[in-house]
$ cat data.tsv   # TSV, C-alpha atoms
chain	number	residue	atom	x	y	z
T	1	MET	CA	56.07	21.41	-46.11
T	2	LEU	CA	56.95	18.11	-47.72
T	3	ARG	CA	60.60	17.44	-48.50
T	4	LYS	CA	61.63	15.27	-51.43
T	5	PHE	CA	64.39	12.67	-51.51
T	6	GLY	CA	64.82	11.49	-55.11
T	7	ALA	CA	66.36	8.24	-56.16
T	8	GLY	CA	68.78	9.99	-58.50
T	9	LEU	CA	69.07	7.23	-61.10
T	10	ALA	CA	70.10	7.64	-64.73
T	11	LEU	CA	67.20	7.85	-67.16
T	12	GLY	CA	68.62	5.20	-69.47
T	13	ALA	CA	68.95	2.70	-66.65
T	14	LEU	CA	65.42	3.47	-65.52
T	15	ILE	CA	63.94	2.85	-68.95
T	16	ALA	CA	65.89	-0.36	-69.43
T	17	ALA	CA	64.94	-1.69	-66.01
T	18	GLY	CA	61.31	-0.80	-66.52
T	19	ALA	CA	61.14	-2.52	-69.88
T	20	ALA	CA	62.67	-5.65	-68.43
T	21	GLN	CA	60.38	-5.82	-65.42
T	22	ALA	CA	56.97	-4.82	-66.73
T	23	GLN	CA	55.10	-5.66	-69.90
T	24	ASP	CA	52.04	-3.42	-69.47
T	25	ARG	CA	52.99	0.18	-68.66
T	26	THR	CA	49.69	1.71	-69.72
T	27	GLY	CA	49.02	4.86	-67.71
T	28	TRP	CA	52.21	4.64	-65.69
T	29	PRO	CA	53.42	8.03	-64.43
T	30	THR	CA	57.00	9.16	-64.89
T	31	ASP	CA	57.19	10.40	-61.29
T	32	MET	CA	55.58	9.34	-58.01
T	33	ALA	CA	55.97	10.21	-54.33
T	34	ILE	CA	55.82	8.06	-51.21
T	35	GLY	CA	54.94	9.49	-47.80
T	36	THR	CA	57.43	8.40	-45.11
T	37	ALA	CA	57.90	10.20	-41.76
T	38	SER	CA	60.49	12.26	-39.89
T	39	GLN	CA	64.22	11.67	-40.18
T	40	GLY	CA	65.55	9.35	-37.46
T	41	GLY	CA	62.66	6.89	-37.70
T	42	VAL	CA	62.31	3.61	-39.58
T	43	TYR	CA	59.68	4.94	-42.02
T	44	PHE	CA	62.19	7.46	-43.34
T	45	VAL	CA	64.82	4.78	-44.04
T	46	TYR	CA	62.39	2.12	-45.27
T	47	GLY	CA	60.42	4.53	-47.45
T	48	ASN	CA	63.37	6.16	-49.14
T	49	GLY	CA	65.01	2.79	-49.71
T	50	LEU	CA	61.78	1.50	-51.21
T	51	ALA	CA	61.54	4.58	-53.43
T	52	ALA	CA	65.04	3.96	-54.76
T	53	TYR	CA	64.32	0.26	-55.32
T	54	ILE	CA	61.12	0.90	-57.26
T	55	SER	CA	62.91	3.53	-59.34
T	56	GLU	CA	65.76	1.15	-60.10
T	57	ALA	CA	63.63	-1.87	-60.91
T	58	LEU	CA	60.52	-0.44	-62.55
T	59	GLY	CA	61.70	2.74	-64.23
T	60	VAL	CA	59.37	5.13	-62.39
T	61	ASN	CA	61.17	7.95	-60.60
T	62	VAL	CA	59.88	7.66	-57.01
T	63	SER	CA	60.84	10.19	-54.35
T	64	GLY	CA	60.45	9.92	-50.59
T	65	GLU	CA	58.58	12.68	-48.75
T	66	VAL	CA	59.31	13.70	-45.16
T	67	THR	CA	55.91	13.78	-43.43
T	68	GLY	CA	54.38	13.63	-39.97
T	69	GLY	CA	53.90	9.88	-40.34
T	70	PRO	CA	50.92	7.53	-40.73
T	71	VAL	CA	48.07	9.93	-39.94
T	72	GLN	CA	49.33	12.46	-42.47
T	73	ASN	CA	50.32	9.77	-44.98
T	74	ALA	CA	46.77	8.41	-45.05
T	75	THR	CA	45.39	11.86	-45.85
T	76	LEU	CA	48.12	12.63	-48.40
T	77	VAL	CA	47.29	9.41	-50.26
T	78	GLN	CA	43.53	9.97	-49.94
T	79	THR	CA	43.90	13.41	-51.53
T	80	ASN	CA	46.42	12.08	-54.08
T	81	GLN	CA	49.12	14.51	-52.99
T	82	VAL	CA	51.35	11.45	-52.79
T	83	GLN	CA	50.54	8.24	-54.63
T	84	LEU	CA	52.16	5.82	-52.17
T	85	GLY	CA	52.53	5.87	-48.41
T	86	MET	CA	53.15	3.88	-45.26
T	87	VAL	CA	50.68	3.56	-42.39
T	88	THR	CA	50.07	1.73	-39.16
T	89	MET	CA	46.66	0.13	-39.15
T	90	GLY	CA	45.28	1.90	-36.08
T	91	PRO	CA	45.50	5.41	-37.58
T	92	MET	CA	44.51	3.98	-40.98
T	93	PHE	CA	41.30	2.51	-39.54
T	94	GLU	CA	40.42	5.84	-37.98
T	95	ALA	CA	41.07	7.59	-41.32
T	96	TRP	CA	39.07	4.94	-43.23
T	97	THR	CA	36.06	5.56	-40.98
T	98	GLY	CA	36.29	9.36	-41.14
T	99	LYS	CA	37.85	9.83	-37.71
T	100	SER	CA	41.30	11.01	-38.71
T	101	GLU	CA	42.77	13.65	-36.42
T	102	LEU	CA	44.03	15.48	-39.50
T	103	ALA	CA	40.86	15.33	-41.60
T	104	PRO	CA	37.92	14.54	-39.31
T	105	GLY	CA	34.69	13.76	-41.13
T	106	LEU	CA	36.45	12.65	-44.32
T	107	PRO	CA	36.29	8.88	-44.85
T	108	HIS	CA	39.57	7.93	-46.54
T	109	THR	CA	37.94	5.48	-48.93
T	110	ASP	CA	40.30	6.13	-51.86
T	111	VAL	CA	43.19	4.44	-50.03
T	112	ARG	CA	44.17	0.87	-50.93
T	113	ALA	CA	46.56	-1.62	-49.32
T	114	LEU	CA	49.56	-2.92	-51.25
T	115	PHE	CA	51.63	-5.17	-48.97
T	116	PRO	CA	52.49	-5.82	-45.29
T	117	MET	CA	55.63	-4.15	-43.95
T	118	TYR	CA	56.35	-5.00	-40.31
T	119	GLU	CA	55.09	-4.52	-36.79
T	120	THR	CA	55.66	-1.22	-35.00
T	121	PRO	CA	56.31	-1.73	-31.27
T	122	PHE	CA	55.89	1.03	-28.70
T	123	HIS	CA	58.74	1.65	-26.31
T	124	ALA	CA	60.57	4.49	-24.61
T	125	VAL	CA	64.03	5.64	-23.61
T	126	THR	CA	65.26	7.99	-20.92
T	127	LEU	CA	68.60	9.14	-19.55
T	128	THR	CA	69.44	6.82	-16.67
T	129	SER	CA	70.03	9.91	-14.55
T	130	SER	CA	66.30	10.73	-14.76
T	131	GLY	CA	65.46	7.85	-12.42
T	132	VAL	CA	62.42	6.89	-14.52
T	133	THR	CA	62.10	3.10	-14.70
T	134	SER	CA	58.53	2.53	-15.90
T	135	VAL	CA	55.80	4.19	-17.94
T	136	SER	CA	53.82	4.92	-14.79
T	137	GLU	CA	56.77	6.95	-13.47
T	138	MET	CA	56.46	9.38	-16.39
T	139	GLY	CA	53.91	11.38	-14.35
T	140	GLY	CA	55.05	14.99	-13.99
T	141	LYS	CA	57.75	14.46	-16.64
T	142	ARG	CA	58.24	16.01	-20.07
T	143	VAL	CA	57.65	13.29	-22.64
T	144	GLY	CA	58.53	13.68	-26.33
T	145	VAL	CA	56.32	11.44	-28.48
T	146	GLY	CA	57.50	12.16	-32.00
T	147	PRO	CA	55.71	14.31	-34.57
T	148	ALA	CA	52.04	15.20	-34.29
T	149	GLY	CA	50.07	12.94	-36.62
T	150	GLY	CA	52.45	10.02	-36.29
T	151	THR	CA	51.52	6.74	-34.63
T	152	PRO	CA	53.43	7.45	-31.39
T	153	GLY	CA	52.22	11.06	-31.35
T	154	THR	CA	48.67	9.77	-31.56
T	155	TYR	CA	48.80	6.74	-29.27
T	156	TRP	CA	51.30	7.54	-26.52
T	157	PRO	CA	49.10	10.33	-25.09
T	158	ARG	CA	46.18	7.86	-25.13
T	159	PHE	CA	48.27	5.20	-23.38
T	160	LEU	CA	49.39	7.67	-20.71
T	161	GLU	CA	45.81	8.80	-20.11
T	162	ALA	CA	44.62	5.19	-19.87
T	163	LEU	CA	47.30	4.47	-17.28
T	164	GLY	CA	46.45	7.61	-15.30
T	165	VAL	CA	49.82	9.21	-16.04
T	166	ASP	CA	49.78	13.02	-16.11
T	167	ALA	CA	52.80	13.99	-18.22
T	168	THR	CA	53.61	17.03	-20.34
T	169	VAL	CA	53.65	15.77	-23.91
T	170	SER	CA	55.54	17.47	-26.75
T	171	ASN	CA	55.87	16.80	-30.47
T	172	ALA	CA	58.93	16.84	-32.71
T	173	GLY	CA	60.64	14.57	-35.24
T	174	ALA	CA	62.51	11.52	-34.02
T	175	ALA	CA	65.99	12.97	-34.51
T	176	ASP	CA	65.00	16.26	-32.90
T	177	THR	CA	63.39	14.51	-29.92
T	178	ALA	CA	66.54	12.44	-29.38
T	179	GLY	CA	68.54	15.68	-29.31
T	180	GLN	CA	66.08	17.19	-26.84
T	181	LEU	CA	66.50	14.19	-24.54
T	182	LYS	CA	70.29	14.52	-24.55
T	183	ASP	CA	69.99	18.28	-23.92
T	184	GLY	CA	67.58	17.84	-21.02
T	185	LEU	CA	64.65	19.50	-22.77
T	186	VAL	CA	62.52	16.35	-22.39
T	187	ASP	CA	62.80	13.65	-19.75
T	188	VAL	CA	61.55	10.69	-21.81
T	189	PHE	CA	61.44	9.87	-25.53
T	190	ALA	CA	58.42	7.62	-26.10
T	191	PHE	CA	58.17	6.38	-29.66
T	192	ALA	CA	56.92	3.66	-31.99
T	193	ALA	CA	58.92	2.37	-34.95
T	194	GLY	CA	60.36	-0.80	-36.40
T	195	LEU	CA	63.34	-2.36	-34.68
T	196	PRO	CA	65.96	-1.20	-34.31
T	197	THR	CA	64.93	2.46	-34.26
T	198	GLY	CA	67.81	4.55	-35.53
T	199	ALA	CA	67.33	7.42	-33.08
T	200	PHE	CA	67.26	4.98	-30.14
T	201	SER	CA	70.39	3.19	-31.36
T	202	GLN	CA	72.23	6.50	-31.61
T	203	LEU	CA	71.16	7.52	-28.11
T	204	ALA	CA	72.40	4.19	-26.72
T	205	ALA	CA	75.77	4.76	-28.37
T	206	GLU	CA	76.15	8.33	-27.14
T	207	ALA	CA	74.62	8.44	-23.65
T	208	ASP	CA	73.83	6.39	-20.54
T	209	VAL	CA	70.21	5.51	-21.19
T	210	THR	CA	67.51	3.20	-19.86
T	211	PHE	CA	64.95	1.59	-22.16
T	212	LEU	CA	61.39	1.31	-20.92
T	213	GLY	CA	58.86	-1.34	-21.86
T	214	PHE	CA	55.60	-1.91	-19.98
T	215	THR	CA	55.30	-3.51	-16.56
T	216	PRO	CA	52.99	-6.55	-16.40
T	217	GLU	CA	50.19	-4.40	-14.96
T	218	GLU	CA	50.63	-1.64	-17.55
T	219	HIS	CA	50.86	-4.21	-20.34
T	220	ALA	CA	47.63	-5.95	-19.38
T	221	LYS	CA	45.73	-2.67	-19.16
T	222	ILE	CA	46.91	-1.40	-22.55
T	223	LEU	CA	46.03	-4.70	-24.26
T	224	GLU	CA	42.58	-4.60	-22.65
T	225	MET	CA	41.79	-0.99	-23.54
T	226	PHE	CA	43.27	-0.85	-27.05
T	227	PRO	CA	42.14	-3.79	-29.20
T	228	GLU	CA	43.92	-2.33	-32.25
T	229	VAL	CA	47.30	-3.24	-30.74
T	230	SER	CA	48.78	-6.70	-30.21
T	231	ASN	CA	51.24	-8.25	-27.79
T	232	PHE	CA	54.90	-7.81	-28.71
T	233	THR	CA	58.26	-8.48	-27.08
T	234	ILE	CA	61.31	-6.30	-27.73
T	235	PRO	CA	64.15	-8.83	-27.71
T	236	ALA	CA	67.09	-8.38	-25.38
T	237	ASN	CA	70.10	-6.67	-26.96
T	238	THR	CA	68.06	-4.86	-29.57
T	239	TYR	CA	69.98	-1.84	-28.27
T	240	THR	CA	73.30	-1.46	-26.51
T	241	GLY	CA	72.72	-1.82	-22.78
T	242	GLN	CA	69.26	-3.37	-23.12
T	243	THR	CA	70.03	-6.77	-21.62
T	244	GLU	CA	66.52	-8.15	-21.04
T	245	ASP	CA	63.38	-8.74	-23.10
T	246	GLN	CA	60.81	-5.99	-22.66
T	247	ALA	CA	57.02	-6.26	-22.85
T	248	SER	CA	55.50	-4.05	-25.49
T	249	VAL	CA	52.51	-3.70	-27.81
T	250	ALA	CA	52.62	-3.23	-31.55
T	251	MET	CA	50.63	-2.33	-34.66
T	252	TRP	CA	51.09	-3.70	-38.15
T	253	ASN	CA	52.31	-1.39	-40.91
T	254	PHE	CA	51.15	-1.63	-44.50
T	255	ALA	CA	52.21	0.13	-47.67
T	256	ILE	CA	49.28	1.92	-49.28
T	257	ALA	CA	48.44	3.48	-52.64
T	258	HIS	CA	45.78	5.73	-54.08
T	259	LYS	CA	43.10	3.76	-55.90
T	260	ASP	CA	43.99	5.51	-59.19
T	261	VAL	CA	47.53	4.08	-59.30
T	262	PRO	CA	47.48	1.91	-62.46
T	263	GLU	CA	46.67	-1.72	-61.69
T	264	SER	CA	49.69	-3.04	-63.54
T	265	LEU	CA	52.01	-0.72	-61.61
T	266	ALA	CA	50.52	-1.69	-58.24
T	267	TYR	CA	50.93	-5.33	-59.26
T	268	GLU	CA	54.59	-4.85	-60.19
T	269	ILE	CA	55.38	-2.96	-56.97
T	270	THR	CA	53.72	-5.64	-54.83
T	271	LYS	CA	55.48	-8.43	-56.71
T	272	LEU	CA	58.84	-6.66	-56.51
T	273	VAL	CA	58.67	-6.28	-52.75
T	274	MET	CA	57.11	-9.65	-51.93
T	275	GLU	CA	59.60	-11.63	-54.02
T	276	ASN	CA	62.82	-9.88	-53.00
T	277	ASN	CA	62.92	-9.94	-49.22
T	278	ASP	CA	66.72	-10.13	-49.11
T	279	ARG	CA	66.89	-6.78	-50.90
T	280	MET	CA	64.25	-5.26	-48.62
T	281	VAL	CA	66.18	-6.36	-45.52
T	282	GLN	CA	69.21	-4.55	-46.96
T	283	ILE	CA	67.10	-1.40	-46.79
T	284	HIS	CA	66.15	-1.96	-43.14
T	285	ALA	CA	66.21	-4.95	-40.81
T	286	ALA	CA	62.52	-4.42	-39.97
T	287	ALA	CA	61.72	-5.66	-43.50
T	288	LYS	CA	62.39	-9.23	-42.35
T	289	ALA	CA	58.64	-9.21	-41.65
T	290	THR	CA	57.79	-7.89	-45.12
T	291	LEU	CA	56.55	-11.31	-46.15
T	292	LEU	CA	53.60	-12.57	-48.16
T	293	GLN	CA	52.20	-14.59	-45.25
T	294	ASN	CA	51.63	-11.40	-43.26
T	295	TRP	CA	49.01	-10.05	-45.67
T	296	VAL	CA	46.39	-11.48	-43.28
T	297	ASN	CA	47.19	-8.77	-40.72
T	298	ASN	CA	44.97	-6.38	-42.68
T	299	ALA	CA	41.34	-6.96	-41.71
T	300	PHE	CA	39.56	-3.91	-43.15
T	301	LEU	CA	41.44	-1.95	-45.83
T	302	PRO	CA	40.72	-3.16	-49.40
T	303	PHE	CA	43.77	-4.22	-51.33
T	304	HIS	CA	44.51	-2.44	-54.59
T	305	PRO	CA	43.35	-4.52	-57.59
T	306	GLY	CA	47.00	-4.91	-58.60
T	307	ALA	CA	47.84	-6.33	-55.19
T	308	VAL	CA	44.77	-8.59	-55.32
T	309	ARG	CA	45.94	-9.96	-58.67
T	310	TYR	CA	49.34	-10.81	-57.18
T	311	LEU	CA	47.88	-12.40	-54.05
T	312	GLU	CA	45.52	-14.55	-56.10
T	313	GLU	CA	48.33	-15.59	-58.43
T	314	LYS	CA	50.07	-16.93	-55.32
T	315	GLY	CA	47.04	-19.08	-54.55
T	316	LEU	CA	45.61	-16.92	-51.77
T	317	THR	CA	41.91	-16.25	-51.30
T	318	VAL	CA	41.19	-12.56	-50.79
T	319	PRO	CA	37.78	-11.93	-49.16
T	320	ASP	CA	35.38	-9.82	-51.22
T	321	ASN	CA	35.42	-7.03	-48.64
T	322	LEU	CA	39.21	-6.72	-49.09
T	323	LYS	CA	39.08	-6.38	-52.86
T	324	GLY	CA	39.46	-2.75	-53.92
$ encode --input "data.tsv" --output "structure tokens"
Amino acid sequence: MLRKFGAGLALGALIAAGAAQAQDRTGWPTDMAIGTASQGGVYFVYGNGLAAYISEALGVNVSGEVTGGPVQNATLVQTNQVQLGMVTMGPMFEAWTGKSELAPGLPHTDVRALFPMYETPFHAVTLTSSGVTSVSEMGGKRVGVGPAGGTPGTYWPRFLEALGVDATVSNAGAADTAGQLKDGLVDVFAFAAGLPTGAFSQLAAEADVTFLGFTPEEHAKILEMFPEVSNFTIPANTYTGQTEDQASVAMWNFAIAHKDVPESLAYEITKLVMENNDRMVQIHAAAKATLLQNWVNNAFLPFHPGAVRYLEEKGLTVPDNLKG
């Protein structure tokens, strides 16, 4: 079941803000929903903050929906159950080509890109008492990988298989998995989210934990076997007690919309986010990468016509295959 988190803004303020920000409101809905992910992850914070910001600035009441993450968000947008969503580009490519785990055989060709968000790095945390110091040592352990249908829930089992690691994998939301780690119900919490990940920060504050990146050998193998990920370094001191840089891999995240979202609304949302990075960073630090220059990190998903209009106004050349 989807859970709503409304912006809760006064109607008069919404109307006034909308009138000030947008000239053409033809076909605009009064209410919209954005698919986020489980509580405790960055999508939840970023998505609900974005919903509130759109509501405040454009006068459309946008609510955040708790979902299973990118895999589910792609399908929810494709089927127009939510009008906006957030995805990592690996699961989105699979959905685009009809290989979604959630809806196999259904090409998600009604989904359009709006704007780049940030990179999602993969990393893991364990109680120091577990003795686990690398991904390869997760063999025989209970590993929580976040909700089924999320990016970590999809890719961590693939990474473990590629590395020959036989672990018992379980699915739950980020906050729940953090609780399971503290309670000894799982041995490792392997996740993927923007930095810093709230659930990881809380664990570092409450317990003696060890953060796990990839060893050089693991890192090279993952980069070789999974071309949809890129090299990434988790900087030292991202979390309390993490004193060294850690090798990781990452996927880019993009905000998406259903193709039937009015062009003028998609334009205004894209412009709002791209031209107010300071406000986006107030929502979550990961938004420091929510920048116009990062639009090039989408190589396959057509941009919504409203987003194309904004990109071209900024002097950028959008290839024909990326015009939705």
$ closest_residue --input "data.tsv" --among "T:Gln242, T:Glu217, T:Ala33, T:Gly41" --to "Asp176 of chain T" --atoms "only C-alpha atoms"
T:Gly41
$ residues_around --input "data.tsv" --residues "Ala103 of chain T" --least-positions-apart "4" --cutoff "12 Å" --atoms "only C-alpha atoms" --output "PyMOL selection string"
chain T and resi 71-76+78-79+91-92+94-99+107-108+149
$ axis_aligned_box --input "data.tsv" --around "segment 71-88 of chain T" --padding-each-side "3 Å" --output "lines of an AutoDock Vina configuration file"
center_x = 48.3
center_y = 8.1
center_z = -46.9
size_x = 15.6
size_y = 18.8
size_z = 21.5
$ residues_around --input "data.tsv" --residues "Ser201 of chain T" --least-positions-apart "5" --cutoff "8 Å" --atoms "all atoms listed in the file" --output "PyMOL selection string"
chain T and resi 196+239-240
$ atom_distance --input "data.tsv" --atom1 "atom CA of Asn321 of chain T" --atom2 "atom CA of His304 of chain T"
11.8 Å
$ closest_residue --input "data.tsv" --among "T:Val60, T:Ala124, T:Leu212, T:Leu160" --to "Gly139 of chain T" --atoms "only C-alpha atoms"
T:Leu160
